[in-house]
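Peer 1: Below you'll find the structure I mean.
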Amino acid sequence: MATTFNDTQMTEFKRLVARYPEGKQKSALLPALHLAQDSFGGWLSTETLDYVASLLQIEPIEVYEVATFYSMYNLKPVGKFVFEVCQTGPCMVSGSDNIIDYIKKTLDIKPGETTKDGMFTLKLVECLGACGYAPMMQVGKIYKEHLTKEKVDSIIAEYRAQAAANN
Amino acid sequence: MGVKLLLDKANVPGIRTYEVYRREGGYRSVEKALKEMTTDAIVEEVKKSGLRGRGGAGFPTGMKWSFIAKPEGVPRHLVCNADESEPGTFKDRYLMEFIPHLLIEGLIVSSYALGSNDTYIYIRGEYAWITDILEEAINEAKAAGWLGKNILGTGFECNIHVQRGGGAYICGEETALIESLEGKRGNPRIKPPFPAIQGLWMRPTVVNNVETLAAVVPIINMGGEEYAKIGVGKSTGTKLISACGNINKPGVYEIDMTISVEEFIYSDEYCGGIKDGKKLKACIPGGSSVPILPANLLLKTAKGETRYMNYESLSDGGFATGSMLGSGGFIVLDEDQCIVKNTYTLARFYRHESCGQCSPCREGTGWMEKILHKIETGKGEMSDIDLLWDIQRKIEGNTICPLGDAAAWPVAAAIRHFRDEFEWHVNNPELAQTSNFGLQHYADPIHVPA
Ligand SMILES: Cc1cc2nc3c(=O)[nH]c(=O)nc-3n(C[C@H](O)[C@H](O)[C@H](O)COP(=O)(O)O)c2cc1C
Ligand code: SF4
Ligand code: FES
């Protein structure tokens with residue numbers, strides 16, 4: 001996997017940095033890490049972190065500190081599709097336990113694991129601001145809400161089809 | 001039908017676009033504010049409106065604005081808090097997703113009042129698609145001349161930037177948010193200095209919630225005094241409530257703060273009653289941090305008076321018998337829900353979200369989670385309940401930021417009101433795995449409206 005931005009990514013990176021005053025380019029760190037994660041396979045390797053540090057002209061440690069603090073940055077490789085299922089109170093009282101159990105069983109993985117074919121990763125997360133549409137999970141940029149077992153089945157099928165179409 | 005000031009147009013087809021929003025009367029407040037009002041006059045209108053911060057703490061917005069320092073030659077910033085991560089809260093998301101221009105309009109007027117030429121929206125990282133919606137709205141507003149240099153020929157320049165967070169509840173706390181905007185870990189700062197004096201990049205900064213800033217639009221349009229006539233007492237205007245849990249109609253509702261809690265839960269206009277005809281057991285009325293109330297204390301105060309959906313009424317009785325309006329995250333639990341388990345998931349949440357700077361919060365949240373897990377899985381002892389009480393008491397008030405309190409309160413309230421359920425778990429470890437305490441807590445049948 002490449003660890004330098006292509007032209008489009010670089011243009012976006014420059015747009016992010018330009019939002020802050022001169023000399024405050026470090027402020028772009030969080031958005032820059034999102035961009036890097038999206039650009040380089042859904043996770044941030046040490047090389048990627050160092051690359052972002054060099055682009056922002058800050059010390060690598062300043063990037064490591066941030067990348068390890070926030071929950072959205074993956075510091076290990078993940079599957080093509082990451083199922084981030086909410087398990088906090090409001091989702092729990094609306095039946096998220098059943099959905100989590102069902103996903104574990106269907107994909108035969110535990111939270112934090114990735115399916116053998118590298119397709120799906122299961123992550124348990126805390127409240128995503130969709131409590132009224134529970135149970136729910138985030139997959140990439142999208143929220144999948146009002147989950148039922150049937151809906152989980154069709155989501156899995158949908159992503160398998162999507163991956164097959166892209167191959 | 002109550003008054004609606006924010007969501008009145010939310011159902012107009014196409015309202016997300018500039019064209020429709022403008023046709024429906026959007027951006028009038030910018031014209032009025034920039035052309036007819038001085039910045040001081042805007043602050044004065046907001047003061048008169050009685051608007052209180054909608055992010056959770058309820059601090060008077062006009063007063064907050066009047067604190068901003070104005071040293072010569074130093075830029076000032078307005079920052080919109082769209083971090084929305086308090087469990088039970090999803091109202092800002094609704095507003096931004098469906099009427100993004102209302103927020104942009106409020107931001108322009110507020111930026112003008114505060115003298116902010118570069119205003120930032122800090123949005124929780126997970127709301128990625130809403131970031132796109134906001135950026136689209138900003139581009140549209142800019143193309144129409146409401147943003148950028150020399151707005152309406154007044155010489156005022158305003159740019160709005162949207163920054164995504166990285167997934168951390170603590171970044172909703174205003175000083176942690178500022179740190180995060182500076183590209184750092186979300187460790188709250190010790191106050192003073194307050195952001196109004198030294199905030200973003202050590203410049204004078206005001207941080208306000210999404211809903212607060214959107215409410216500036218009707219305030220300018222109708223005038224502060226008219227706005228203050230809606231609602232009751234110090235709960236002026238309207239409030240967005242995000243209702244979730246075991247109700248028939250979860251969702252976001254705009255209420256004027258004169259309706260009773262009972263009406264809010266049971267009327268078809270709002271929550272539509274408890275799901276599947278079950279009975280109400282308990283409710284966390286203002287986001288996960290505020291005290292949980294058993295049904296009897298939720299619908300009526302300890303004095304037996306009707307409880308209303310406003311700041312004063314929900315906190316009537318203090319923490320002994322009351323709660324808070326907080327962020328408006330209204331979480332309803334039916335008779336089948338287990339208070340111990342619910343409290344455990346919230347304790348886990350706070351442990352996960354503690355930034356780790358203060359020992360009482362870092363260690364205490366971890367202990368509380370472990371002990372609650374122990375009780376929940378049938379391995380608890382009677383002394384654990386007292387230990388929990390002791391830990392939460394030692395966190396509260398002993399930390400840099402209010403997350404410590406926010407973690408302590410739910411545990412304290414659960415034990416205060418449902419100690420019998422905790423004891424039942426300890427005494428019946430096996431039974432507690434397969435059944436639940438239900439409504440045994442209530443000596444009298446719970447009042448359930450017909
Ligand atoms: C742990 C913690 C989390 C918070 N999260 C949010 C949040 O997500 N959104 C918000 O508007 N305010 C949040 N606040 C409150 C902010 O610190 C701040 O008071 C608020 O943004 C001020 O805006 P307002 O006066 O318009 O309510 C949080 C506070 C704490 C202590
Ligand atoms: S109270 Fe908790 S979250 Fe707040 S600063 Fe201290 S350790 Fe961090
Ligand atoms: S508790 Fe799951 S989205 Fe809020």
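How things are named: the first chain in the structure tokens is A, the next is B, and so on; residues count from 1 in each chain; ligands count from 1 in the order shown.
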At most 9 Å is the cut-off: for each residue in chain A with any atom that close to an atom of ligand 3, write down the nearest atom pair and the distance in Å rounded to one decimal, counting only C-alpha atoms and all ligand atoms, chain first then increasing number, as a tab-separated table.

Peer 2:
```
residue	atom	partner	partner_atom_place_in_ligand_line	distance
A:Val85	CA	ligand 3	2 (Fe)	8.0
A:Cys86	CA	ligand 3	2 (Fe)	4.6
A:Gln87	CA	ligand 3	2 (Fe)	5.9
A:Thr88	CA	ligand 3	1 (S)	4.4
A:Gly89	CA	ligand 3	1 (S)	5.4
A:Pro90	CA	ligand 3	1 (S)	4.3
A:Cys91	CA	ligand 3	2 (Fe)	4.2
A:Met92	CA	ligand 3	1 (S)	7.1
A:Val93	CA	ligand 3	1 (S)	8.9
A:Ser94	CA	ligand 3	2 (Fe)	8.9
A:Ser96	CA	ligand 3	2 (Fe)	8.2
A:Val125	CA	ligand 3	2 (Fe)	8.4
A:Glu126	CA	ligand 3	2 (Fe)	6.5
A:Cys127	CA	ligand 3	4 (Fe)	3.7
A:Leu128	CA	ligand 3	3 (S)	4.1
A:Gly129	CA	ligand 3	3 (S)	4.4
A:Ala130	CA	ligand 3	3 (S)	3.8
A:Cys131	CA	ligand 3	4 (Fe)	3.6
A:Gly132	CA	ligand 3	3 (S)	7.4
A:Tyr133	CA	ligand 3	3 (S)	7.5
A:Ala134	CA	ligand 3	2 (Fe)	6.2
A:Pro135	CA	ligand 3	2 (Fe)	6.7
A:Met136	CA	ligand 3	2 (Fe)	6.6
A:Met137	CA	ligand 3	3 (S)	8.0
```

Peer 1: Can you pull out every residue within 10 Å of Gly186 (chain B), counting only C-alpha atoms, but drop anything in the same chain fewer than 3 positions away, and send it as a ChimeraX atom specification?

Peer 2: /A:66,69-70 /B:165-166,168-183,189,354-355

Peer 1: Neighbours of ligand 1 at 9 Å or closer, counting only C-alpha atoms and all ligand atoms: which residues, as a short mmCIF file (atom, residue, chain, number, x, y, z; two decimals) with C-alpha atoms, in the first residue's frame?

Peer 2:
```cif
data_model
loop_
_atom_site.label_atom_id
_atom_site.label_comp_id
_atom_site.auth_asym_id
_atom_site.auth_seq_id
_atom_site.Cartn_x
_atom_site.Cartn_y
_atom_site.Cartn_z
CA ARG B 52 -29.84 29.23 27.88
CA GLY B 53 -27.12 27.05 26.39
CA ARG B 54 -28.64 23.94 24.85
CA GLY B 55 -25.48 21.83 25.18
CA GLY B 56 -26.35 20.63 28.65
CA ALA B 57 -25.26 23.16 31.23
CA GLY B 58 -27.98 25.75 30.50
CA PHE B 59 -25.73 28.78 30.93
CA PRO B 60 -27.32 32.07 29.74
CA THR B 61 -25.99 32.64 26.22
CA LYS B 64 -21.55 34.22 27.95
CA VAL B 79 -16.78 27.66 17.78
CA CYS B 80 -19.92 25.60 17.28
CA ASN B 81 -20.02 22.48 19.41
CA ALA B 82 -21.45 19.71 17.25
CA ASP B 83 -19.68 16.92 19.09
CA GLU B 84 -23.00 15.50 20.33
CA SER B 85 -21.84 12.35 22.09
CA GLU B 86 -23.86 12.22 25.29
CA THR B 89 -28.71 12.81 22.57
CA ASP B 92 -28.13 18.40 16.83
CA ILE B 123 -18.50 17.92 14.59
CA ARG B 124 -18.15 14.41 15.96
CA TYR B 169 -16.96 12.08 23.98
CA ILE B 170 -14.67 14.25 26.06
CA CYS B 171 -14.16 16.58 23.10
CA GLY B 172 -17.69 17.86 23.74
CA GLU B 173 -16.29 19.55 26.85
CA GLU B 174 -15.43 23.00 25.57
CA THR B 175 -11.76 23.18 26.55
CA ALA B 176 -11.10 19.62 25.35
CA LEU B 177 -12.82 20.60 22.12
CA PRO B 188 -9.66 19.43 29.16
CA VAL B 206 -16.98 31.42 22.55
CA VAL B 207 -18.10 27.81 22.34
CA ASN B 208 -21.81 27.22 21.86
CA ASN B 209 -23.99 24.25 21.07
CA VAL B 210 -25.60 23.77 17.63
CA GLU B 211 -29.13 24.26 18.91
CA THR B 212 -28.14 27.38 20.87
CA LEU B 213 -26.73 28.99 17.74
CA SER B 289 -25.16 12.03 32.76
CA SER B 327 -28.91 18.00 26.79
CA TYR B 350 -17.59 6.83 31.05
CA GLU B 353 -14.36 8.18 27.55
CA SER B 354 -12.34 9.42 30.54
CA CYS B 401 -13.70 18.75 34.16
CA PRO B 402 -17.31 17.75 34.76
CA LEU B 403 -16.93 14.32 33.11
CA GLY B 404 -16.08 13.01 36.56
CA ASP B 405 -19.41 14.26 37.91
CA ALA B 406 -21.18 13.01 34.80
CA ALA B 407 -19.83 9.52 35.51
#
```

Peer 1: Leaving out Ala320 (chain B) and any residue of its chain fewer than 2 positions from it, which residues lie within 9 Å of it when counting only C-alpha atoms, given as a list in words?

Peer 2: Gly317, Gly318, Gly322, Ser323, Ala413, Arg416 and His417 of chain B

Peer 1: Between A:Thr115, A:Thr48, A:Gln25, A:Thr8, which is the closest to chain B once you count only C-alpha atoms?

Peer 2: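 Among A:Thr115, A:Thr48, A:Gln25, A:Thr8, it is A:Gln25 that comes nearest to chain B.
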
Peer 1: Could you pull out the strand (DSSP E or B) residues of chain A, going by DSSP on the backbone, and write them as a PyMOL selection string?

Peer 2: chain A and resi 81-86+114+120-125+137-139+142-144

Peer 1: Taking a cut-off of 8 Å and counting only C-alpha atoms, can you build a table that, for each residue of chain B near chain A, reports the nearest atom pair and how far apart they are in Å (one decimal), sorted by chain then residue number, as CSV?

Peer 2:
```
residue,atom,partner,partner_atom,distance
B:Glu84,CA,A:Gly129,CA,6.9
B:Ser85,CA,A:Gly129,CA,6.1
B:Glu86,CA,A:Cys127,CA,7.4
B:Pro87,CA,A:Cys127,CA,5.5
B:Gly88,CA,A:Cys131,CA,5.6
B:Thr89,CA,A:Gly129,CA,6.0
B:Phe90,CA,A:Gly129,CA,4.8
B:Arg93,CA,A:Gly129,CA,7.6
B:Gly125,CA,A:Met72,CA,7.6
B:Glu126,CA,A:Leu128,CA,7.0
B:Tyr127,CA,A:Lys141,CA,7.7
B:Ala128,CA,A:Lys141,CA,5.7
B:Trp129,CA,A:Lys141,CA,6.3
B:His161,CA,A:Arg19,CA,6.6
B:Gln163,CA,A:Pro31,CA,6.8
B:Arg164,CA,A:Pro31,CA,6.2
B:Gly165,CA,A:Leu30,CA,6.5
B:Gly166,CA,A:Tyr70,CA,5.1
B:Gly167,CA,A:Ser71,CA,5.0
B:Ala168,CA,A:Tyr70,CA,5.8
B:Ser180,CA,A:Ser27,CA,7.7
B:Leu181,CA,A:Ser27,CA,5.6
B:Glu182,CA,A:Ser27,CA,4.2
B:Gly183,CA,A:Ser27,CA,4.2
B:Lys184,CA,A:Val66,CA,5.9
B:Arg185,CA,A:Val66,CA,5.2
B:Gly186,CA,A:Phe69,CA,7.8
B:Ser242,CA,A:Gly132,CA,7.3
B:Ala243,CA,A:Gly132,CA,6.3
B:Cys244,CA,A:Gly132,CA,4.4
B:Gly245,CA,A:Pro90,CA,5.5
B:Asn246,CA,A:Ser94,CA,6.7
B:Pro250,CA,A:Gly132,CA,5.0
B:Gly251,CA,A:Gly132,CA,5.5
B:Ile331,CA,A:Pro90,CA,6.6
B:Leu333,CA,A:Val93,CA,7.2
B:Gln337,CA,A:Val93,CA,6.6
B:Asn342,CA,A:Gly89,CA,5.4
B:Thr343,CA,A:Gly89,CA,7.6
B:Thr345,CA,A:Gly89,CA,5.4
B:Leu346,CA,A:Gly89,CA,6.0
B:Phe349,CA,A:Glu126,CA,6.3
```

Peer 1: Identify, on the basis of only C-alpha atoms, every residue whose closest approach to region 40-51 of chain B does not exceed 8 Å; exclude the query and any residue fewer than 4 positions from it along the same chain; express the result as an mmCIF file with C-alpha atoms, in the first residue's frame.

Peer 2:
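Wrote around.cif, looks like this:
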```
data_model
loop_
_atom_site.group_PDB
_atom_site.id
_atom_site.type_symbol
_atom_site.label_atom_id
_atom_site.label_comp_id
_atom_site.auth_asym_id
_atom_site.auth_seq_id
_atom_site.Cartn_x
_atom_site.Cartn_y
_atom_site.Cartn_z
ATOM 1 C CA ALA B 33 -28.568 41.904 12.102
ATOM 2 C CA PRO B 60 -27.315 32.073 29.739
ATOM 3 C CA THR B 61 -25.989 32.643 26.217
ATOM 4 C CA GLY B 62 -26.176 36.443 26.165
ATOM 5 C CA MET B 63 -24.149 36.618 29.351
ATOM 6 C CA TRP B 65 -21.213 36.411 24.870
ATOM 7 C CA SER B 66 -20.735 39.544 26.936
ATOM 8 C CA ALA B 113 -22.070 39.727 17.096
ATOM 9 C CA THR B 212 -28.143 27.378 20.870
ATOM 10 C CA ALA B 215 -32.020 29.591 18.221
ATOM 11 C CA VAL B 216 -30.347 32.940 17.570
ATOM 12 C CA ILE B 219 -34.508 35.512 18.441
ATOM 13 C CA ILE B 220 -33.269 38.082 15.944
ATOM 14 C CA GLY B 223 -36.976 39.990 19.026
ATOM 15 C CA GLY B 224 -35.694 38.809 22.396
ATOM 16 C CA GLU B 225 -38.755 39.900 24.316
ATOM 17 C CA GLU B 226 -41.160 37.949 22.124
ATOM 18 C CA TYR B 227 -38.938 34.872 22.327
ATOM 19 C CA ALA B 228 -38.905 35.132 26.110
ATOM 20 C CA LYS B 234 -36.226 30.849 33.085
ATOM 21 C CA SER B 235 -37.004 28.146 30.523
ATOM 22 C CA THR B 236 -37.673 30.447 27.605
ATOM 23 C CA GLY B 237 -38.153 29.529 23.966
#
```

Peer 1: Got a sec: who's within 8 Å of Leu114 (chain B), counting only C-alpha atoms, leaving out chain neighbours fewer than 5 positions off, as an mmCIF file with C-alpha atoms, in the first residue's frame?

Peer 2:
```cif
data_model
loop_
_atom_site.group_PDB
_atom_site.id
_atom_site.type_symbol
_atom_site.label_atom_id
_atom_site.label_comp_id
_atom_site.auth_asym_id
_atom_site.auth_seq_id
_atom_site.Cartn_x
_atom_site.Cartn_y
_atom_site.Cartn_z
ATOM 1 C CA THR B 39 -23.092 44.002 17.616
ATOM 2 C CA TRP B 65 -21.213 36.411 24.870
ATOM 3 C CA ILE B 68 -15.636 37.700 25.482
ATOM 4 C CA ARG B 76 -11.689 36.235 18.186
ATOM 5 C CA HIS B 77 -13.421 32.973 17.331
ATOM 6 C CA LEU B 78 -16.830 31.440 17.578
#
```

Peer 1: Among region 303-392 of chain B, which ones does DSSP place in alpha helix (DSSP H), written as a short mmCIF file (atom, residue, chain, number, x, y, z; two decimals) with C-alpha atoms, in the first residue's frame?

Peer 2:
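Output file selection.cif is given in full below:
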```cif
data_model
loop_
_atom_site.label_atom_id
_atom_site.label_comp_id
_atom_site.auth_asym_id
_atom_site.auth_seq_id
_atom_site.Cartn_x
_atom_site.Cartn_y
_atom_site.Cartn_z
CA TYR B 311 -35.09 23.28 33.46
CA GLU B 312 -36.70 24.21 36.78
CA SER B 313 -39.31 21.49 37.05
CA LEU B 314 -37.04 18.61 36.07
CA GLY B 318 -32.40 18.50 43.64
CA PHE B 319 -30.59 15.22 43.20
CA ALA B 320 -32.52 13.65 46.09
CA THR B 321 -35.77 13.45 44.15
CA ILE B 339 -31.31 -0.91 36.20
CA VAL B 340 -28.06 -2.63 37.13
CA LYS B 341 -27.29 -3.53 33.54
CA ASN B 342 -28.24 -0.11 32.25
CA THR B 343 -26.02 1.53 34.87
CA TYR B 344 -23.22 -0.85 33.94
CA THR B 345 -23.30 0.13 30.26
CA LEU B 346 -23.18 3.78 31.22
CA ALA B 347 -20.27 3.21 33.61
CA ARG B 348 -18.45 1.40 30.82
CA PHE B 349 -19.11 4.36 28.58
CA TYR B 350 -17.59 6.83 31.05
CA ARG B 351 -14.57 4.62 31.69
CA HIS B 352 -14.00 4.42 27.95
CA GLU B 353 -14.36 8.18 27.55
CA SER B 359 -6.86 10.02 39.12
CA PRO B 360 -10.36 10.04 40.66
CA CYS B 361 -11.96 9.96 37.23
CA ARG B 362 -9.49 7.62 35.51
CA GLU B 363 -9.40 5.08 38.34
CA GLY B 364 -12.90 5.63 39.67
CA THR B 365 -14.66 5.07 36.36
CA GLY B 366 -12.73 1.82 35.90
CA TRP B 367 -13.64 0.61 39.39
CA MET B 368 -17.28 1.45 38.96
CA GLU B 369 -17.44 -0.43 35.69
CA LYS B 370 -15.78 -3.51 37.19
CA ILE B 371 -17.97 -3.58 40.27
CA LEU B 372 -21.15 -3.07 38.28
CA HIS B 373 -20.12 -5.84 35.92
CA LYS B 374 -19.54 -8.08 38.93
CA ILE B 375 -23.00 -7.39 40.32
CA GLU B 376 -24.62 -7.70 36.91
CA MET B 382 -23.58 -6.56 49.49
CA SER B 383 -20.51 -4.52 50.37
CA ASP B 384 -20.02 -3.76 46.65
CA ILE B 385 -23.06 -1.51 46.67
CA ASP B 386 -21.58 0.62 49.44
CA LEU B 387 -18.24 0.57 47.71
CA LEU B 388 -19.86 1.91 44.54
CA TRP B 389 -21.50 4.65 46.52
CA ASP B 390 -18.20 5.52 48.12
CA ILE B 391 -16.32 5.67 44.81
CA GLN B 392 -18.82 7.87 43.04
#
```

Peer 1: Which of these residues is nearest to ligand 2, using only C-alpha atoms and all ligand atoms: B:Lys142, B:Lys281, B:Lys191, B:Lys32?

Peer 2: B:Lys191
